[in-house]
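Participant: Supplied structure: input29.csv, CSV, C-alpha atoms.
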chain,number,residue,atom,x,y,z
E,18,MET,CA,33.4,-23.0,-8.4
E,19,SER,CA,32.2,-25.1,-11.3
E,20,THR,CA,29.8,-23.9,-13.9
E,21,HIS,CA,27.3,-26.6,-12.7
E,22,SER,CA,27.5,-25.3,-9.1
E,23,THR,CA,27.1,-21.7,-10.3
E,24,THR,CA,24.0,-22.6,-12.3
E,25,ALA,CA,22.5,-24.5,-9.4
E,26,THR,CA,23.1,-21.6,-7.0
E,27,ARG,CA,21.4,-19.2,-9.4
E,28,THR,CA,18.5,-21.5,-9.9
E,29,THR,CA,18.1,-21.9,-6.1
E,30,GLY,CA,18.3,-18.1,-5.7
E,31,SER,CA,15.7,-17.5,-8.5
E,32,THR,CA,13.3,-20.0,-6.9
E,33,LEU,CA,13.6,-18.3,-3.5
E,34,ASP,CA,13.1,-14.9,-5.1
E,35,VAL,CA,9.9,-16.1,-6.8
E,36,LEU,CA,8.6,-17.5,-3.5
E,37,LEU,CA,9.4,-14.3,-1.7
E,38,LEU,CA,7.6,-12.3,-4.5
E,39,LEU,CA,4.5,-14.4,-3.9
E,40,VAL,CA,4.9,-13.9,-0.1
E,41,LEU,CA,5.2,-10.2,-0.6
E,42,SER,CA,2.1,-10.1,-2.8
E,43,THR,CA,0.2,-12.1,-0.2
E,44,LEU,CA,1.3,-9.9,2.7
E,45,TRP,CA,0.2,-6.7,0.9
E,46,GLY,CA,-2.9,-8.3,-0.5
E,47,ALA,CA,-3.9,-9.5,3.0
E,48,SER,CA,-3.4,-6.1,4.5
E,49,TYR,CA,-6.9,-5.0,3.5
E,50,THR,CA,-8.4,-8.0,5.2
E,51,PHE,CA,-6.4,-7.2,8.4
E,52,ILE,CA,-7.7,-3.6,8.2
E,53,ARG,CA,-11.3,-4.7,7.7
E,54,VAL,CA,-11.1,-7.0,10.7
E,55,GLY,CA,-9.3,-4.5,13.0
E,56,VAL,CA,-11.4,-1.4,12.4
E,57,THR,CA,-14.6,-3.2,13.3
E,58,ILE,CA,-13.6,-2.7,17.0
E,59,ILE,CA,-10.6,-0.3,17.0
E,60,PRO,CA,-11.3,3.3,15.7
E,61,PRO,CA,-9.4,4.0,12.5
E,62,VAL,CA,-7.1,6.8,13.9
E,63,THR,CA,-6.0,4.7,16.8
E,64,PHE,CA,-5.6,1.6,14.6
E,65,ILE,CA,-3.4,3.4,12.1
E,66,ALA,CA,-1.4,5.2,14.9
E,67,ALA,CA,-0.5,1.8,16.3
E,68,ARG,CA,0.3,0.4,12.9
E,69,THR,CA,2.7,3.1,12.0
E,70,LEU,CA,4.4,3.1,15.5
E,71,ILE,CA,4.9,-0.7,15.6
E,72,ALA,CA,6.1,-1.0,12.0
E,73,GLY,CA,8.3,2.1,12.2
E,74,LEU,CA,10.0,0.9,15.4
E,75,LEU,CA,10.6,-2.6,13.8
E,76,LEU,CA,12.1,-1.0,10.7
E,77,ILE,CA,14.4,1.1,12.8
E,78,ALA,CA,15.5,-2.0,14.7
E,79,TRP,CA,16.1,-3.8,11.4
E,80,MET,CA,18.2,-0.8,10.2
E,81,ALA,CA,20.3,-0.8,13.4
E,82,ALA,CA,20.9,-4.5,12.9
E,83,ARG,CA,22.0,-3.9,9.3
E,84,GLY,CA,24.1,-0.9,10.2
E,85,ILE,CA,22.0,1.6,8.3
E,86,ALA,CA,21.9,5.0,10.0
E,87,MET,CA,18.9,7.3,10.1
E,88,PRO,CA,19.7,10.8,8.8
E,89,ARG,CA,19.9,13.5,11.5
E,90,GLU,CA,19.7,16.6,9.3
E,91,LEU,CA,16.5,18.6,9.8
E,92,ALA,CA,16.1,18.9,6.1
E,93,PHE,CA,15.5,15.1,5.8
E,94,TRP,CA,12.9,15.1,8.6
E,95,ARG,CA,11.0,17.8,6.7
E,96,LEU,CA,11.0,15.5,3.7
E,97,PHE,CA,9.9,12.7,6.0
E,98,LEU,CA,7.0,14.9,7.2
E,99,VAL,CA,5.7,15.4,3.7
E,100,GLN,CA,6.2,11.7,2.8
E,101,ALA,CA,4.4,10.7,6.0
E,102,LEU,CA,1.4,12.8,5.1
E,103,MET,CA,1.1,11.4,1.6
E,104,ASN,CA,2.2,7.8,2.2
E,105,SER,CA,0.8,6.9,5.6
E,106,VAL,CA,-1.1,9.4,7.7
E,107,ILE,CA,-3.7,10.4,5.1
E,108,PRO,CA,-4.0,7.3,2.9
E,109,PHE,CA,-3.7,4.8,5.8
E,110,THR,CA,-6.4,6.6,7.8
E,111,LEU,CA,-8.7,7.1,4.8
E,112,ILE,CA,-8.5,3.4,3.9
E,113,ALA,CA,-9.1,2.3,7.5
E,114,TRP,CA,-12.1,4.6,7.8
E,115,ALA,CA,-13.5,3.5,4.5
E,116,GLU,CA,-13.1,-0.2,5.3
E,117,ARG,CA,-15.7,0.1,8.1
E,118,SER,CA,-18.2,-0.1,5.2
E,119,VAL,CA,-16.3,-1.1,2.1
E,120,GLU,CA,-15.3,-4.8,1.6
E,121,ALA,CA,-11.6,-5.7,1.7
E,122,GLY,CA,-11.8,-7.0,-1.8
E,123,LEU,CA,-13.1,-3.7,-3.2
E,124,ALA,CA,-10.5,-1.8,-1.3
E,125,THR,CA,-7.8,-4.0,-2.7
E,126,ILE,CA,-8.9,-3.3,-6.3
E,127,LEU,CA,-9.4,0.4,-5.9
E,128,ASN,CA,-6.1,1.0,-4.1
E,129,SER,CA,-4.1,-1.0,-6.5
E,130,ALA,CA,-4.2,1.6,-9.3
E,131,SER,CA,-1.6,3.8,-7.7
E,132,PRO,CA,1.0,3.1,-10.5
E,133,VAL,CA,-1.5,4.3,-13.0
E,134,LEU,CA,-2.3,7.5,-11.1
E,135,ALA,CA,1.5,8.0,-10.4
E,136,PHE,CA,2.2,8.0,-14.1
E,137,VAL,CA,-0.7,10.4,-14.8
E,138,GLY,CA,0.5,12.7,-12.1
E,139,THR,CA,4.1,12.7,-13.2
E,140,TRP,CA,3.1,13.3,-16.8
E,141,LEU,CA,0.9,16.2,-15.8
E,142,ILE,CA,3.4,17.8,-13.4
E,143,SER,CA,6.8,17.3,-15.0
E,144,ARG,CA,6.0,15.9,-18.5
E,145,HIS,CA,9.0,13.6,-17.9
E,146,GLU,CA,7.1,10.4,-18.6
E,147,ARG,CA,6.9,9.4,-22.2
E,148,VAL,CA,3.3,8.4,-23.2
E,149,SER,CA,3.7,5.2,-25.1
E,150,ALA,CA,0.8,3.2,-26.5
E,151,ARG,CA,1.3,0.6,-23.8
E,152,LYS,CA,1.1,3.2,-21.0
E,153,LEU,CA,-1.8,4.9,-22.5
E,154,PHE,CA,-3.6,1.6,-22.7
E,155,GLY,CA,-2.7,1.0,-19.0
E,156,VAL,CA,-4.2,4.4,-18.0
E,157,VAL,CA,-7.4,3.7,-19.9
E,158,ALA,CA,-7.8,0.2,-18.5
E,159,GLY,CA,-7.0,1.2,-15.0
E,160,MET,CA,-9.3,4.2,-14.9
E,161,THR,CA,-12.1,2.1,-16.5
E,162,GLY,CA,-11.6,-0.6,-13.8
E,163,ILE,CA,-11.9,2.0,-11.1
E,164,CYS,CA,-15.2,3.2,-12.6
E,165,LEU,CA,-16.5,-0.3,-12.9
E,166,VAL,CA,-15.6,-1.2,-9.3
E,167,VAL,CA,-17.3,1.9,-7.9
E,168,GLY,CA,-20.2,1.2,-10.3
E,169,ILE,CA,-23.3,3.3,-11.0
E,170,SER,CA,-25.4,1.3,-8.5
E,171,VAL,CA,-24.1,3.5,-5.7
E,172,PHE,CA,-26.0,6.4,-7.1
E,173,ASP,CA,-29.3,4.5,-6.8
E,174,GLY,CA,-31.4,4.7,-3.7
E,175,ALA,CA,-31.4,6.9,-0.7
E,176,PHE,CA,-28.8,9.2,0.9
E,177,ASP,CA,-27.7,6.3,3.1
E,178,ASN,CA,-26.4,4.4,0.1
E,179,LEU,CA,-24.5,7.4,-1.0
E,180,ARG,CA,-23.0,7.9,2.4
E,181,ASN,CA,-22.2,4.2,3.1
E,182,ARG,CA,-20.9,3.2,-0.3
E,183,LEU,CA,-19.9,6.0,-2.7
E,184,ILE,CA,-18.1,8.3,-0.2
E,185,PRO,CA,-16.0,5.6,1.4
E,186,GLN,CA,-15.0,4.2,-2.0
E,187,LEU,CA,-14.1,7.7,-3.2
E,188,ALA,CA,-12.0,8.0,0.0
E,189,ILE,CA,-10.0,4.9,-1.1
E,190,VAL,CA,-9.5,6.5,-4.5
E,191,VAL,CA,-8.2,9.7,-2.7
E,192,ALA,CA,-5.8,7.5,-0.7
E,193,THR,CA,-4.6,6.0,-4.0
E,194,ILE,CA,-4.0,9.5,-5.3
E,195,CYS,CA,-2.0,10.2,-2.2
E,196,TYR,CA,0.1,7.0,-2.8
E,197,ALA,CA,0.7,8.2,-6.4
E,198,GLY,CA,1.8,11.6,-5.1
E,199,ALA,CA,4.1,9.9,-2.6
E,200,ALA,CA,5.6,7.9,-5.4
E,201,ILE,CA,6.5,11.1,-7.2
E,202,TYR,CA,7.7,12.9,-4.1
E,203,GLY,CA,9.8,9.8,-3.1
E,204,ARG,CA,12.4,10.8,-5.7
E,205,SER,CA,13.5,13.4,-3.2
E,206,PHE,CA,15.3,10.6,-1.3
E,207,LYS,CA,17.4,9.6,-4.3
E,208,GLY,CA,20.7,8.1,-3.0
E,209,GLN,CA,19.3,6.9,0.3
E,210,PRO,CA,18.6,3.3,1.1
E,211,ALA,CA,15.0,2.6,0.4
E,212,VAL,CA,14.3,1.7,4.0
E,213,VAL,CA,15.3,5.2,5.2
E,214,PRO,CA,12.2,7.1,3.9
E,215,ALA,CA,10.0,4.1,4.8
E,216,ALA,CA,11.1,4.0,8.4
E,217,GLY,CA,11.4,7.8,8.7
E,218,SER,CA,7.9,8.5,7.3
E,219,LEU,CA,6.3,5.8,9.5
E,220,ILE,CA,7.9,7.2,12.6
E,221,VAL,CA,6.8,10.8,11.7
E,222,GLY,CA,3.4,9.4,10.9
E,223,ALA,CA,3.2,7.8,14.3
E,224,ALA,CA,4.2,11.1,15.9
E,225,LEU,CA,1.3,12.8,14.2
E,226,LEU,CA,-1.3,10.2,14.7
E,227,THR,CA,-0.6,9.2,18.3
E,228,PRO,CA,-1.7,12.6,19.8
E,229,ALA,CA,-4.7,12.6,17.5
E,230,SER,CA,-5.6,9.1,18.8
E,231,LEU,CA,-5.3,10.2,22.4
E,232,LEU,CA,-7.4,13.3,21.8
E,233,VAL,CA,-10.1,11.8,19.6
E,234,ASP,CA,-10.5,8.1,20.6
E,235,HIS,CA,-9.2,8.0,24.2
E,236,PRO,CA,-7.7,4.6,23.6
E,237,TRP,CA,-7.4,3.8,27.2
E,238,THR,CA,-11.2,3.5,27.3
E,239,LEU,CA,-11.3,1.0,24.4
E,240,HIS,CA,-11.9,-2.7,24.8
E,241,PRO,CA,-10.6,-4.3,21.6
E,242,SER,CA,-11.3,-7.9,20.9
E,243,MET,CA,-8.4,-10.4,20.6
E,244,ARG,CA,-9.3,-10.8,16.9
E,245,SER,CA,-8.9,-7.0,16.3
E,246,ILE,CA,-5.6,-7.0,18.2
E,247,GLU,CA,-4.3,-10.0,16.2
E,248,ALA,CA,-5.3,-8.2,13.0
E,249,LEU,CA,-3.4,-5.0,14.1
E,250,LEU,CA,-0.3,-7.0,14.9
E,251,ALA,CA,-0.5,-9.0,11.7
E,252,LEU,CA,-0.9,-5.8,9.7
E,253,SER,CA,2.0,-4.0,11.5
E,254,VAL,CA,4.5,-6.8,11.8
E,255,LEU,CA,3.7,-8.9,8.6
E,256,SER,CA,2.1,-6.6,6.1
E,257,THR,CA,4.2,-3.5,6.9
E,258,ALA,CA,7.6,-4.2,8.6
E,259,LEU,CA,8.3,-7.7,7.2
E,260,ALA,CA,6.9,-6.8,3.8
E,261,PHE,CA,9.3,-3.9,3.6
E,262,VAL,CA,12.3,-6.1,4.5
E,263,ILE,CA,11.3,-8.6,1.8
E,264,TYR,CA,10.7,-5.8,-0.7
E,265,PHE,CA,14.2,-4.3,-0.1
E,266,ARG,CA,15.7,-7.8,-0.5
E,267,LEU,CA,13.9,-8.4,-3.8
E,268,VAL,CA,15.0,-5.0,-5.2
E,269,GLN,CA,18.6,-6.2,-4.7
E,270,THR,CA,18.1,-9.6,-6.2
E,271,LEU,CA,15.3,-9.3,-8.8
E,272,GLY,CA,15.9,-5.7,-9.6
E,273,SER,CA,13.3,-2.9,-9.7
E,274,ILE,CA,11.6,-4.2,-12.8
E,275,GLY,CA,11.1,-7.8,-11.5
E,276,THR,CA,9.8,-6.6,-8.2
E,277,THR,CA,7.0,-4.6,-9.9
E,278,ALA,CA,5.2,-8.0,-10.4
E,279,GLN,CA,3.8,-7.6,-6.8
E,280,ALA,CA,1.7,-4.6,-8.0
E,281,TYR,CA,-0.6,-6.7,-10.0
E,282,LEU,CA,-0.2,-10.1,-8.2
E,283,ARG,CA,-1.5,-8.6,-5.0
E,284,VAL,CA,-4.9,-7.7,-6.5
E,285,PRO,CA,-6.3,-11.2,-7.2
E,286,ILE,CA,-4.6,-12.5,-4.0
E,287,GLY,CA,-6.1,-9.7,-1.9
E,288,VAL,CA,-9.6,-10.3,-3.3
E,289,ALA,CA,-9.3,-14.1,-2.8
E,290,ILE,CA,-8.3,-13.6,0.8
E,291,GLY,CA,-11.4,-11.4,1.4
E,292,VAL,CA,-13.6,-14.0,-0.3
E,293,ILE,CA,-12.2,-16.9,1.6
E,294,PHE,CA,-11.7,-15.5,5.1
E,295,LEU,CA,-14.4,-12.8,5.2
E,296,ASP,CA,-17.0,-14.5,3.0
E,297,GLU,CA,-17.1,-11.5,0.7
E,298,SER,CA,-18.5,-11.4,-2.8
E,299,LEU,CA,-18.1,-9.1,-5.7
E,300,SER,CA,-20.7,-7.9,-8.2
E,301,ALA,CA,-20.3,-8.8,-11.9
E,302,THR,CA,-19.1,-5.3,-12.8
E,303,ALA,CA,-16.5,-5.4,-9.9
E,304,TRP,CA,-15.1,-8.6,-11.3
E,305,ILE,CA,-14.7,-7.0,-14.7
E,306,GLY,CA,-13.2,-3.9,-13.0
E,307,LEU,CA,-10.7,-6.2,-11.3
E,308,VAL,CA,-9.5,-7.6,-14.6
E,309,CYS,CA,-9.3,-4.1,-16.1
E,310,VAL,CA,-7.3,-2.8,-13.1
E,311,VAL,CA,-4.9,-5.8,-13.1
E,312,VAL,CA,-4.3,-5.4,-16.9
E,313,GLY,CA,-3.8,-1.6,-16.5
E,314,VAL,CA,-1.4,-1.9,-13.6
E,315,ALA,CA,0.5,-4.6,-15.4
E,316,ALA,CA,0.8,-2.5,-18.5
E,317,MET,CA,2.1,0.4,-16.4
E,318,THR,CA,4.6,-1.5,-14.3
E,319,ILE,CA,6.1,-4.1,-16.6
E,320,LYS,CA,9.5,-2.7,-17.7
E,321,SER,CA,9.0,0.4,-15.5
E,322,PRO,CA,11.1,1.4,-12.5
E,323,VAL,CA,9.5,0.6,-9.1
E,324,ARG,CA,8.6,3.6,-7.1
E,325,ALA,CA,9.7,3.2,-3.5
E,326,ALA,CA,6.7,5.0,-2.0
E,327,ASP,CA,4.4,2.4,-3.6
E,328,THR,CA,5.6,-0.1,-1.1
E,329,THR,CA,3.4,0.9,1.8
E,330,ARG,CA,0.0,-0.9,1.7
Here is the file; what I need is its structure written in the form of structure tokens.

Facilitator:
Amino acid sequence: MSTHSTTATRTTGSTLDVLLLLVLSTLWGASYTFIRVGVTIIPPVTFIAARTLIAGLLLIAWMAARGIAMPRELAFWRLFLVQALMNSVIPFTLIAWAERSVEAGLATILNSASPVLAFVGTWLISRHERVSARKLFGVVAGMTGICLVVGISVFDGAFDNLRNRLIPQLAIVVATICYAGAAIYGRSFKGQPAVVPAAGSLIVGAALLTPASLLVDHPWTLHPSMRSIEALLALSVLSTALAFVIYFRLVQTLGSIGTTAQAYLRVPIGVAIGVIFLDESLSATAWIGLVCVVVGVAAMTIKSPVRAADTTR
């Protein structure tokens, strides 16, 4: 093959990778809007049980098509259980519950700080992370952004404002902490294809959430609207299963460093989707917080390894 042909092939591949990176950022950014639409009708536990089941089955089908086997050892399924709790069952459900009263844009911003919190958690627990000036700046910017997004206005007014605004926003922050913990724990799967813990944890999550849905929500009595069902399917198929497949492909072609760009690209994309399709608006402090979070996450992720558990959004 000539040098010209080789260069053309690389250019084509690079262009495709950039387009896929934008698609991935859009799919994960849109997930908060899909959740916001879906949980207006479908109860959070049932909504997330369906999401994990559909996405998990699709990923297993994709693994079968690619010839990737799911581990059968009991030890792996114990790991999947812990990963499921931290990466899907708890955070997915908290975000779905919170988005019944929190706008999709705010949820996008608050939940995007998981790389910052993952770094803080790793440093506190293992001390393996080196605290450079850039990472320290990222931590300060990210945490400042979270505080600005939550804002001090939620403390004003009656108890209803506290219940309807502050507590749900704090629930999203807790979900973000769970994602950070999952990112640290995800190192237990070293040597496994990245899709294995993703599919395994989703299936285990579905196994935990489905009985809870049957017991709490009695889903056979629900009458979801077509719009909420479409949001559920879009979230499960596009923002979870398809997004994982694209992510795994980009890790192979762009590498872990290049793929981290989605971590800060999805924030403005997610906010824009909420503004355009849900007619949402952000306060002045929330816009400043958005900038701080994007800058902080960028500072934490540029030239840093991607954490596989930060792929579920």

Participant: For the atom pair CA of Trp79 (chain E) and CA of Gly208 (chain E), what is the interatomic distance in Å to one decimal place?

Facilitator: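 Distance between the two atoms: 19.2 Å.
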
Participant: Do you have the CA of Thr161 (chain E)-CA of Gly306 (chain E) distance handy?

Facilitator: 7.0 Å

Participant: Report as a Markdown table: every residue of region 139-249 of chain E with an atom at most 7 Å from region 89-109 of chain E, its closest pair of atoms, and their distance in Å to one decimal, counting only C-alpha atoms, with rows sorted by chain and ascending residue number.

Facilitator:
| residue | atom | partner | partner_atom | distance |
| --- | --- | --- | --- | --- |
| E:Ala192 | CA | E:Pro108 | CA | 4.0 |
| E:Cys195 | CA | E:Met103 | CA | 5.0 |
| E:Tyr196 | CA | E:Asn104 | CA | 5.5 |
| E:Gly198 | CA | E:Met103 | CA | 6.7 |
| E:Ala199 | CA | E:Met103 | CA | 5.4 |
| E:Pro214 | CA | E:Phe97 | CA | 6.4 |
| E:Gly217 | CA | E:Phe97 | CA | 5.8 |
| E:Ser218 | CA | E:Ala101 | CA | 4.3 |
| E:Leu219 | CA | E:Ala101 | CA | 6.3 |
| E:Val221 | CA | E:Leu98 | CA | 6.1 |
| E:Gly222 | CA | E:Ala101 | CA | 5.2 |

Participant: Would you mind reading off the distance between CA of Ala86 (chain E) and CA of Leu41 (chain E), one decimal, in Å?

Facilitator: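 Rounded to one decimal, the two atoms are 24.9 Å apart.
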
Participant: Extract, using all atoms listed in the file, all DNA, RNA and protein residues at most 10 Å from region 62-64 of chain E, discarding same-chain residues fewer than 6 positions from it, and format them as a list in words.

Facilitator: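 Counting all atoms listed in the file, the residues come to Ile52, Gly55, Val56, Val106, Phe109, Thr110, Leu111, Ala113, Trp114, Leu226, Thr227, Pro228, Ala229, Ser230, Leu231, Val233, Asp234, His235, Pro236, Leu239, Ser245, Ile246, Ala248, Leu249 and Ser253 of chain E.
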
Participant: What lies within 12 Å of Asp296 (chain E) using only C-alpha atoms, ignoring chain neighbours under 3 positions off, as a compact mmCIF listing (two decimals) with C-alpha atoms, keeping the file's coordinate frame?

Facilitator:
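Final output, result14.txt:
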# COMPACT_ATOMS: atom_id res chain seq x y z
CA THR E 50 -8.40 -8.00 5.20
CA GLU E 120 -15.30 -4.80 1.60
CA ALA E 121 -11.60 -5.70 1.70
CA GLY E 122 -11.80 -7.00 -1.80
CA VAL E 288 -9.60 -10.30 -3.30
CA ALA E 289 -9.30 -14.10 -2.80
CA ILE E 290 -8.30 -13.60 0.80
CA GLY E 291 -11.40 -11.40 1.40
CA VAL E 292 -13.60 -14.00 -0.30
CA ILE E 293 -12.20 -16.90 1.60
CA LEU E 299 -18.10 -9.10 -5.70

Participant: Just want the 8 Å neighbourhood of Ile163 (chain E), counted on all atoms listed in the file, with same-chain residues fewer than 5 positions away dropped. Output as a CSV table (one decimal) with C-alpha atoms, keeping the file's coordinate frame.

Facilitator:
chain,number,residue,atom,x,y,z
E,126,ILE,CA,-8.9,-3.3,-6.3
E,127,LEU,CA,-9.4,0.4,-5.9
E,130,ALA,CA,-4.2,1.6,-9.3
E,306,GLY,CA,-13.2,-3.9,-13.0
E,310,VAL,CA,-7.3,-2.8,-13.1

Participant: Neighbouring residues of Ala124 (chain E) were defined as those with any atom within 7 Å, considering only C-alpha atoms; residues of the same chain fewer than 5 positions away were excluded. Please report them as a list of chain:residue names.

Facilitator: E:Tyr49, E:Val119, E:Ile189

Participant: Counting all atoms listed in the file, which residue out of E:Leu76, E:Ala280, E:Ile220, E:Leu250 sits closest to Gly313 (chain E)?

Facilitator: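 That would be E:Ala280, the residue with the smallest distance to Gly313 (chain E).
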
Participant: In terms of the shortest atom-to-atom distance over all atoms listed in the file, which of E:Ala216, E:Leu307, E:Val268, E:Ala211 is closest to Ile286 (chain E)?

Facilitator: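 Residue with the minimum atom-to-atom distance to Ile286 (chain E): E:Leu307.
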
Participant: Quick one: region 64-84 of chain E with N, CA and C atoms, as a short mmCIF file (atom, residue, chain, number, x, y, z; two decimals), in the coordinates of the input?

Facilitator:
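part_0.cif, freshly written:
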data_model
loop_
_atom_site.label_atom_id
_atom_site.label_comp_id
_atom_site.auth_asym_id
_atom_site.auth_seq_id
_atom_site.Cartn_x
_atom_site.Cartn_y
_atom_site.Cartn_z
N PHE E 64 -6.11 2.77 15.29
CA PHE E 64 -5.60 1.60 14.60
C PHE E 64 -4.40 1.92 13.75
N ILE E 65 -4.47 3.02 13.01
CA ILE E 65 -3.40 3.40 12.10
C ILE E 65 -2.20 3.98 12.92
N ALA E 66 -2.49 4.69 14.02
CA ALA E 66 -1.40 5.20 14.90
C ALA E 66 -0.57 4.03 15.40
N ALA E 67 -1.26 2.97 15.84
CA ALA E 67 -0.50 1.80 16.30
C ALA E 67 0.21 1.10 15.22
N ARG E 68 -0.40 1.03 14.04
CA ARG E 68 0.30 0.40 12.90
C ARG E 68 1.58 1.09 12.55
N THR E 69 1.52 2.41 12.41
CA THR E 69 2.70 3.10 12.00
C THR E 69 3.80 3.09 13.10
N LEU E 70 3.39 3.14 14.36
CA LEU E 70 4.40 3.10 15.50
C LEU E 70 5.07 1.76 15.52
N ILE E 71 4.30 0.67 15.51
CA ILE E 71 4.90 -0.70 15.60
C ILE E 71 5.79 -0.95 14.41
N ALA E 72 5.28 -0.68 13.20
CA ALA E 72 6.10 -1.00 12.00
C ALA E 72 7.30 -0.08 11.92
N GLY E 73 7.16 1.21 12.28
CA GLY E 73 8.30 2.10 12.20
C GLY E 73 9.40 1.69 13.18
N LEU E 74 9.04 1.30 14.41
CA LEU E 74 10.00 0.90 15.40
C LEU E 74 10.73 -0.42 14.93
N LEU E 75 9.96 -1.33 14.34
CA LEU E 75 10.60 -2.60 13.80
C LEU E 75 11.54 -2.29 12.71
N LEU E 76 11.20 -1.36 11.81
CA LEU E 76 12.10 -1.00 10.70
C LEU E 76 13.37 -0.36 11.22
N ILE E 77 13.24 0.49 12.22
CA ILE E 77 14.40 1.10 12.80
C ILE E 77 15.33 0.08 13.44
N ALA E 78 14.72 -0.89 14.12
CA ALA E 78 15.50 -2.00 14.70
C ALA E 78 16.22 -2.78 13.63
N TRP E 79 15.52 -3.03 12.52
CA TRP E 79 16.10 -3.80 11.40
C TRP E 79 17.28 -2.95 10.80
N MET E 80 17.11 -1.62 10.68
CA MET E 80 18.20 -0.80 10.20
C MET E 80 19.39 -0.81 11.09
N ALA E 81 19.14 -0.78 12.40
CA ALA E 81 20.30 -0.80 13.40
C ALA E 81 21.02 -2.15 13.22
N ALA E 82 20.28 -3.24 13.03
CA ALA E 82 20.90 -4.50 12.90
C ALA E 82 21.75 -4.62 11.61
N ARG E 83 21.32 -3.88 10.57
CA ARG E 83 22.00 -3.90 9.30
C ARG E 83 23.08 -2.77 9.20
N GLY E 84 23.17 -1.95 10.25
CA GLY E 84 24.10 -0.90 10.20
C GLY E 84 23.76 0.30 9.36
#
